[in-house]
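Let me begin by presenting the structure, written as structure tokens, before commenting on it.
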Amino acid sequence: MTFQALDIHKSFGDTEVLKGVSLSMKEGEFVALLGPSGSGKTTLLNIIAGLAHADRGQLLFAGEDITRLPAGQRHFGFVFQNYALFRHMTVAQNIAFGLRVLPRKSRPSRSAIAARTRELLEMIEMADLADRFPAQLSGGQRQRVAMARALAIEPRLLLMDEPFSALDAQVRQSLRESVRDLQRKAGVGAIMVTHDRAEAWALADRVAVMNEGHIVQFDRPEVLSSNPSSDFVRLLVRADAA
Ligand SMILES: Nc1ncnc2c1ncn2[C@@H]1O[C@H](COP(=O)(O)OP(=O)(O)OP(=O)(O)O)[C@@H](O)[C@H]1O
Ligand SMILES: [Mg+2]
């Protein structure tokens, strides 16, 4: 399914933080939003998620105008920076949560929910930890549960805001691979916010470079490296940049 954001504007008070952002994704594509702090990445992701609203502009999913569709009806999966799991729920209950709270009409049967949960537990290789509580998991394991929870509803689009920022370098590295793997297996498009160039390069089919409320270049990583459109992009995407 294709996703498009068209000419998105957003101000907080007198400050315009998104100044006409457009983004077109192909089916199953993995897009990274890369840019310095304050460039508008989270604001754009929240608008795509339906957690915030644009002042101007349009969002289209598979040709349908979803600009005013409430977040819960967009059928998108989210993974946020602090990947807050429900502390009082086990791993399996966390994963099943999104399915259990669906309106009765679209909610799978109890046995279908259990089967889907088992499948996801296997996908993240945590079947043996199904009955643990979040406090009994490592950061990397929690992150995988958050990913499984987001994928449980079979989202049409997966949205991630700095999903690895709380993890140390080694765990980040290994999780990157499993995220890409999970996203491919699920065949779902993904948008990931990051300010880590290496992360964007490792995961994304295309990278949208943001600066001061604009997408200044949107292309494959190798094109950004070989053909940066400005000094800003050239410096940001240098291999030795943080
Ligand atoms: N609710 C809000 N009210 C007022 N200003 C806001 C609000 N949310 C964000 N901003 C401002 O909008 C700008 C963009 O913020 P945003 O969170 O989108 O940046 P970001 O690119 O995600 O940065 P970071 O990498 O630090 O997370 C910043 O200047 C921020 O201070
Ligand atoms: Mg942010």
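Chain lettering (A, B, ...) mirrors the order of the structure tokens, residue numbering begins at 1 for each chain separately, and ligand numbering begins at 1 in order of display.
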
With a distance cut-off of 12 Å and only C-alpha atoms, select the neighbouring residues of A:Leu151, excluding the residue or stretch itself and same-chain residues fewer than 2 positions from it, and output the selection as a tab-separated table (two decimals) with C-alpha atoms, in the first residue's frame.
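Listing of result-v7.tsv after writing:
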```tsv
chain	number	residue	atom	x	y	z
A	75	HIS	CA	-4.55	0.77	11.49
A	76	PHE	CA	-0.92	1.81	11.85
A	77	GLY	CA	1.52	0.27	14.34
A	78	PHE	CA	3.69	2.44	16.60
A	79	VAL	CA	6.96	1.93	18.38
A	94	ASN	CA	1.43	-7.08	25.92
A	95	ILE	CA	1.60	-8.51	22.42
A	96	ALA	CA	-2.08	-9.50	22.40
A	97	PHE	CA	-3.23	-6.14	23.78
A	98	GLY	CA	-3.88	-4.39	20.46
A	99	LEU	CA	-6.03	-7.27	19.29
A	116	ARG	CA	-1.35	-14.85	16.48
A	117	THR	CA	0.44	-14.11	19.76
A	119	GLU	CA	3.32	-16.72	16.01
A	120	LEU	CA	4.71	-13.31	16.99
A	121	LEU	CA	6.51	-14.74	20.02
A	123	MET	CA	9.00	-14.41	15.21
A	124	ILE	CA	10.86	-12.44	17.90
A	144	ARG	CA	11.42	-6.83	20.50
A	145	VAL	CA	8.18	-7.16	22.46
A	146	ALA	CA	7.29	-3.57	21.54
A	147	MET	CA	7.90	-4.44	17.90
A	148	ALA	CA	5.75	-7.58	18.12
A	149	ARG	CA	3.02	-5.59	19.85
A	153	ILE	CA	-2.69	-5.89	14.54
A	154	GLU	CA	-1.10	-6.43	11.11
A	155	PRO	CA	-0.69	-2.69	10.65
A	156	ARG	CA	-0.85	-1.10	7.21
A	157	LEU	CA	2.18	0.99	8.14
A	158	LEU	CA	4.74	0.72	10.94
A	159	LEU	CA	5.86	3.99	12.58
A	160	MET	CA	8.93	4.10	14.81
A	179	VAL	CA	13.72	-5.15	12.96
A	182	LEU	CA	10.48	-8.55	11.05
A	183	GLN	CA	9.39	-5.69	8.81
A	184	ARG	CA	10.24	-7.67	5.66
A	185	LYS	CA	8.47	-10.79	6.91
A	186	ALA	CA	5.39	-8.75	7.74
A	187	GLY	CA	5.65	-7.10	4.30
A	188	VAL	CA	4.64	-3.79	5.83
A	189	GLY	CA	5.91	-0.31	4.97
A	190	ALA	CA	7.82	1.46	7.74
```

Write out as a PDB file with N, CA and C atoms, in the first residue's frame which residues come within 7 Å of stretch 216-226 of chain A when counting only C-alpha atoms, dropping same-chain ones fewer than 3 positions away.
```
ATOM      1  N   TRP A 201      21.202   4.213   7.387  1.00  0.00           N
ATOM      2  CA  TRP A 201      21.873   3.515   6.285  1.00  0.00           C
ATOM      3  C   TRP A 201      21.655   2.001   6.358  1.00  0.00           C
ATOM      4  N   ASP A 205      15.384   1.765   2.849  1.00  0.00           N
ATOM      5  CA  ASP A 205      15.469   1.755   1.389  1.00  0.00           C
ATOM      6  C   ASP A 205      15.754   3.172   0.909  1.00  0.00           C
ATOM      7  N   ARG A 206      15.045   4.126   1.520  1.00  0.00           N
ATOM      8  CA  ARG A 206      15.278   5.536   1.199  1.00  0.00           C
ATOM      9  C   ARG A 206      15.289   6.355   2.477  1.00  0.00           C
ATOM     10  N   VAL A 207      16.053   7.425   2.440  1.00  0.00           N
ATOM     11  CA  VAL A 207      16.202   8.290   3.603  1.00  0.00           C
ATOM     12  C   VAL A 207      15.716   9.691   3.246  1.00  0.00           C
ATOM     13  N   ALA A 208      14.812  10.221   4.072  1.00  0.00           N
ATOM     14  CA  ALA A 208      14.362  11.611   3.914  1.00  0.00           C
ATOM     15  C   ALA A 208      15.168  12.449   4.900  1.00  0.00           C
ATOM     16  N   VAL A 209      15.993  13.337   4.374  1.00  0.00           N
ATOM     17  CA  VAL A 209      16.800  14.196   5.243  1.00  0.00           C
ATOM     18  C   VAL A 209      15.994  15.443   5.570  1.00  0.00           C
ATOM     19  N   MET A 210      15.808  15.686   6.881  1.00  0.00           N
ATOM     20  CA  MET A 210      15.026  16.852   7.308  1.00  0.00           C
ATOM     21  C   MET A 210      15.923  17.922   7.903  1.00  0.00           C
ATOM     22  N   ASN A 211      15.589  19.172   7.597  1.00  0.00           N
ATOM     23  CA  ASN A 211      16.269  20.299   8.205  1.00  0.00           C
ATOM     24  C   ASN A 211      15.273  21.447   8.330  1.00  0.00           C
ATOM     25  N   SER A 229      22.535  17.021  -2.141  1.00  0.00           N
ATOM     26  CA  SER A 229      22.003  18.191  -2.852  1.00  0.00           C
ATOM     27  C   SER A 229      22.486  19.503  -2.240  1.00  0.00           C
ATOM     28  N   VAL A 237      25.527  13.315   6.090  1.00  0.00           N
ATOM     29  CA  VAL A 237      25.596  11.909   5.687  1.00  0.00           C
ATOM     30  C   VAL A 237      27.029  11.386   5.571  1.00  0.00           C
TER      31      VAL A 237
END
```

Practice item. Please give the complete set of residues from stretch 10-234 of chain A that DSSP, run on the backbone, assigns to strand (DSSP E or B), formatted as a ChimeraX atom specification. Key: /A:10-12,15-25,30-34,56-61,64-65,76-79,157-161,189-194,206-211,214-219

Output N, CA and C atoms for every residue in that selection, as a compact mmCIF listing (two decimals), in the first residue's frame.
```txt
# COMPACT_ATOMS: atom_id res chain seq x y z
N LYS A 10 2.78 22.68 9.83
CA LYS A 10 2.40 22.64 11.24
C LYS A 10 3.14 23.73 12.01
N SER A 11 2.39 24.52 12.76
CA SER A 11 3.00 25.54 13.62
C SER A 11 2.65 25.27 15.07
N PHE A 12 3.57 25.60 15.96
CA PHE A 12 3.26 25.69 17.38
C PHE A 12 3.40 27.15 17.74
N THR A 15 5.73 29.63 15.72
CA THR A 15 6.85 28.93 15.08
C THR A 15 6.34 27.85 14.13
N GLU A 16 6.70 27.98 12.86
CA GLU A 16 6.32 26.95 11.90
C GLU A 16 7.37 25.86 11.94
N VAL A 17 7.00 24.66 12.37
CA VAL A 17 7.99 23.58 12.50
C VAL A 17 7.95 22.61 11.32
N LEU A 18 6.84 22.57 10.57
CA LEU A 18 6.81 21.85 9.30
C LEU A 18 6.36 22.84 8.24
N LYS A 19 7.21 23.02 7.22
CA LYS A 19 7.00 24.13 6.28
C LYS A 19 6.66 23.65 4.88
N GLY A 20 5.75 22.67 4.82
CA GLY A 20 5.38 22.15 3.50
C GLY A 20 6.17 20.90 3.18
N VAL A 21 5.87 19.82 3.93
CA VAL A 21 6.60 18.56 3.78
C VAL A 21 5.78 17.59 2.93
N SER A 22 6.41 17.03 1.90
CA SER A 22 5.75 16.01 1.09
C SER A 22 6.63 14.77 1.04
N LEU A 23 5.97 13.62 1.10
CA LEU A 23 6.70 12.35 1.16
C LEU A 23 5.84 11.27 0.50
N SER A 24 6.41 10.54 -0.44
CA SER A 24 5.68 9.48 -1.12
C SER A 24 6.40 8.16 -0.93
N MET A 25 5.70 7.17 -0.39
CA MET A 25 6.34 5.87 -0.16
C MET A 25 5.77 4.80 -1.05
N PHE A 30 10.87 0.82 3.37
CA PHE A 30 11.37 1.25 4.68
C PHE A 30 12.01 2.62 4.50
N VAL A 31 11.39 3.63 5.10
CA VAL A 31 11.88 5.01 4.96
C VAL A 31 12.40 5.49 6.31
N ALA A 32 13.56 6.11 6.31
CA ALA A 32 14.06 6.74 7.53
C ALA A 32 13.92 8.24 7.41
N LEU A 33 13.50 8.89 8.51
CA LEU A 33 13.53 10.36 8.60
C LEU A 33 14.75 10.71 9.42
N LEU A 34 15.72 11.34 8.77
CA LEU A 34 16.99 11.64 9.41
C LEU A 34 17.18 13.14 9.47
N ARG A 56 -2.25 22.33 7.63
CA ARG A 56 -2.53 22.34 6.21
C ARG A 56 -1.89 21.09 5.61
N GLY A 57 -2.42 20.61 4.50
CA GLY A 57 -1.82 19.47 3.83
C GLY A 57 -2.72 18.25 3.92
N GLN A 58 -2.27 17.16 3.30
CA GLN A 58 -3.12 16.00 3.13
C GLN A 58 -2.31 14.72 3.34
N LEU A 59 -2.97 13.71 3.89
CA LEU A 59 -2.36 12.39 4.01
C LEU A 59 -3.21 11.41 3.21
N LEU A 60 -2.56 10.62 2.37
CA LEU A 60 -3.28 9.63 1.58
C LEU A 60 -2.70 8.26 1.83
N PHE A 61 -3.57 7.27 2.04
CA PHE A 61 -3.10 5.90 2.15
C PHE A 61 -3.87 5.05 1.17
N GLU A 64 -6.76 6.65 -0.36
CA GLU A 64 -7.81 7.17 0.51
C GLU A 64 -7.29 8.36 1.31
N ASP A 65 -8.11 9.39 1.43
CA ASP A 65 -7.72 10.56 2.23
C ASP A 65 -7.91 10.22 3.70
N PHE A 76 -2.37 1.72 11.91
CA PHE A 76 -0.92 1.81 11.85
C PHE A 76 -0.35 1.27 13.16
N GLY A 77 0.86 0.73 13.11
CA GLY A 77 1.52 0.27 14.34
C GLY A 77 2.56 1.29 14.78
N PHE A 78 2.70 1.47 16.09
CA PHE A 78 3.69 2.44 16.60
C PHE A 78 4.70 1.79 17.50
N VAL A 79 5.94 2.24 17.39
CA VAL A 79 6.96 1.93 18.38
C VAL A 79 7.63 3.24 18.73
N LEU A 157 0.95 0.20 8.16
CA LEU A 157 2.18 0.99 8.14
C LEU A 157 2.76 0.94 9.55
N LEU A 158 4.08 0.79 9.64
CA LEU A 158 4.74 0.72 10.94
C LEU A 158 5.51 2.01 11.17
N LEU A 159 5.23 2.69 12.29
CA LEU A 159 5.86 3.99 12.58
C LEU A 159 6.74 3.85 13.82
N MET A 160 7.99 4.26 13.69
CA MET A 160 8.93 4.10 14.81
C MET A 160 9.68 5.41 15.05
N ASP A 161 9.68 5.85 16.30
CA ASP A 161 10.40 7.08 16.65
C ASP A 161 11.60 6.73 17.51
N GLY A 189 5.09 -1.51 5.11
CA GLY A 189 5.91 -0.31 4.97
C GLY A 189 6.25 0.24 6.34
N ALA A 190 7.40 0.93 6.44
CA ALA A 190 7.82 1.46 7.74
C ALA A 190 8.42 2.84 7.58
N ILE A 191 8.16 3.68 8.58
CA ILE A 191 8.82 4.98 8.67
C ILE A 191 9.49 5.04 10.03
N MET A 192 10.80 5.24 10.03
CA MET A 192 11.56 5.29 11.28
C MET A 192 12.26 6.63 11.42
N VAL A 193 12.01 7.29 12.54
CA VAL A 193 12.72 8.53 12.86
C VAL A 193 14.04 8.18 13.52
N THR A 194 15.10 8.84 13.09
CA THR A 194 16.38 8.62 13.75
C THR A 194 17.26 9.84 13.54
N ARG A 206 15.05 4.13 1.52
CA ARG A 206 15.28 5.54 1.20
C ARG A 206 15.29 6.36 2.48
N VAL A 207 16.05 7.42 2.44
CA VAL A 207 16.20 8.29 3.60
C VAL A 207 15.72 9.69 3.25
N ALA A 208 14.81 10.22 4.07
CA ALA A 208 14.36 11.61 3.91
C ALA A 208 15.17 12.45 4.90
N VAL A 209 15.99 13.34 4.37
CA VAL A 209 16.80 14.20 5.24
C VAL A 209 15.99 15.44 5.57
N MET A 210 15.81 15.69 6.88
CA MET A 210 15.03 16.85 7.31
C MET A 210 15.92 17.92 7.90
N ASN A 211 15.59 19.17 7.60
CA ASN A 211 16.27 20.30 8.20
C ASN A 211 15.27 21.45 8.33
N HIS A 214 11.81 21.18 6.69
CA HIS A 214 11.73 20.77 5.29
C HIS A 214 12.37 19.41 5.11
N ILE A 215 11.87 18.64 4.12
CA ILE A 215 12.65 17.49 3.65
C ILE A 215 13.55 18.05 2.56
N VAL A 216 14.85 18.05 2.83
CA VAL A 216 15.77 18.70 1.89
C VAL A 216 16.28 17.74 0.82
N GLN A 217 16.23 16.44 1.10
CA GLN A 217 16.57 15.46 0.07
C GLN A 217 15.98 14.12 0.47
N PHE A 218 15.47 13.37 -0.51
CA PHE A 218 14.84 12.08 -0.23
C PHE A 218 15.32 11.11 -1.29
N ASP A 219 16.19 10.19 -0.87
CA ASP A 219 16.75 9.29 -1.87
C ASP A 219 17.36 8.07 -1.20
```

Exercise for review: Please write out the residues within 9 Å of ligand 2 as a ChimeraX atom specification, counting only C-alpha atoms and all ligand atoms.
Suggested key: /A:37-43,45,81,161-162,193-195

Take the selection from the previous step and output its residues with N, CA and C atoms, as a PDB file, in the first residue's frame.
```pdb
ATOM      1  N   SER A  37      18.252  17.472  15.801  1.00  0.00           N
ATOM      2  CA  SER A  37      17.249  17.722  16.822  1.00  0.00           C
ATOM      3  C   SER A  37      16.466  18.985  16.488  1.00  0.00           C
ATOM      4  N   GLY A  38      15.150  18.898  16.587  1.00  0.00           N
ATOM      5  CA  GLY A  38      14.305  20.065  16.346  1.00  0.00           C
ATOM      6  C   GLY A  38      13.926  20.263  14.898  1.00  0.00           C
ATOM      7  N   SER A  39      14.344  19.362  14.008  1.00  0.00           N
ATOM      8  CA  SER A  39      14.070  19.573  12.581  1.00  0.00           C
ATOM      9  C   SER A  39      12.627  19.216  12.201  1.00  0.00           C
ATOM     10  N   GLY A  40      11.894  18.572  13.126  1.00  0.00           N
ATOM     11  CA  GLY A  40      10.479  18.305  12.855  1.00  0.00           C
ATOM     12  C   GLY A  40      10.132  16.842  12.627  1.00  0.00           C
ATOM     13  N   LYS A  41      11.071  15.947  12.890  1.00  0.00           N
ATOM     14  CA  LYS A  41      10.861  14.522  12.604  1.00  0.00           C
ATOM     15  C   LYS A  41       9.697  13.932  13.399  1.00  0.00           C
ATOM     16  N   THR A  42       9.729  14.145  14.716  1.00  0.00           N
ATOM     17  CA  THR A  42       8.672  13.573  15.563  1.00  0.00           C
ATOM     18  C   THR A  42       7.325  14.208  15.253  1.00  0.00           C
ATOM     19  N   THR A  43       7.342  15.507  14.994  1.00  0.00           N
ATOM     20  CA  THR A  43       6.097  16.196  14.655  1.00  0.00           C
ATOM     21  C   THR A  43       5.480  15.572  13.397  1.00  0.00           C
ATOM     22  N   LEU A  45       6.019  12.520  12.210  1.00  0.00           N
ATOM     23  CA  LEU A  45       5.585  11.150  12.500  1.00  0.00           C
ATOM     24  C   LEU A  45       4.261  11.141  13.274  1.00  0.00           C
ATOM     25  N   GLN A  81      10.064   5.859  21.306  1.00  0.00           N
ATOM     26  CA  GLN A  81      11.389   5.943  21.904  1.00  0.00           C
ATOM     27  C   GLN A  81      11.517   5.148  23.209  1.00  0.00           C
ATOM     28  N   ASP A 161       9.676   5.849  16.299  1.00  0.00           N
ATOM     29  CA  ASP A 161      10.397   7.077  16.648  1.00  0.00           C
ATOM     30  C   ASP A 161      11.602   6.726  17.507  1.00  0.00           C
ATOM     31  N   GLU A 162      12.777   6.808  16.936  1.00  0.00           N
ATOM     32  CA  GLU A 162      14.026   6.508  17.645  1.00  0.00           C
ATOM     33  C   GLU A 162      13.896   5.222  18.464  1.00  0.00           C
ATOM     34  N   VAL A 193      12.014   7.290  12.541  1.00  0.00           N
ATOM     35  CA  VAL A 193      12.722   8.527  12.859  1.00  0.00           C
ATOM     36  C   VAL A 193      14.041   8.175  13.521  1.00  0.00           C
ATOM     37  N   THR A 194      15.097   8.839  13.091  1.00  0.00           N
ATOM     38  CA  THR A 194      16.381   8.619  13.749  1.00  0.00           C
ATOM     39  C   THR A 194      17.256   9.840  13.540  1.00  0.00           C
ATOM     40  N   HIS A 195      18.205  10.079  14.450  1.00  0.00           N
ATOM     41  CA  HIS A 195      19.219  11.070  14.088  1.00  0.00           C
ATOM     42  C   HIS A 195      20.563  10.385  13.929  1.00  0.00           C
TER      43      HIS A 195
END
```

Point to revise | For ligand 1, the nearest of the candidates A:Asp128, A:Glu177, A:Asp196, A:Asp7, counting only C-alpha atoms and all ligand atoms | key: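 For ligand 1, the nearest of the candidates is A:Asp196.
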
Exercise for review: Using DSSP on the backbone, list every residue of stretch 126-192 of chain A that comes out as alpha helix (DSSP H), and give them as a ChimeraX atom specification.
Suggested key: /A:139-152,169-186

Exercise for review: Rank A:Ala130, A:Ser111, A:Ala166, A:Glu212 by their smallest atom-to-atom distance to ligand 1, using only C-alpha atoms and all ligand atoms, and report the top residue only.
Suggested key: A:Glu212
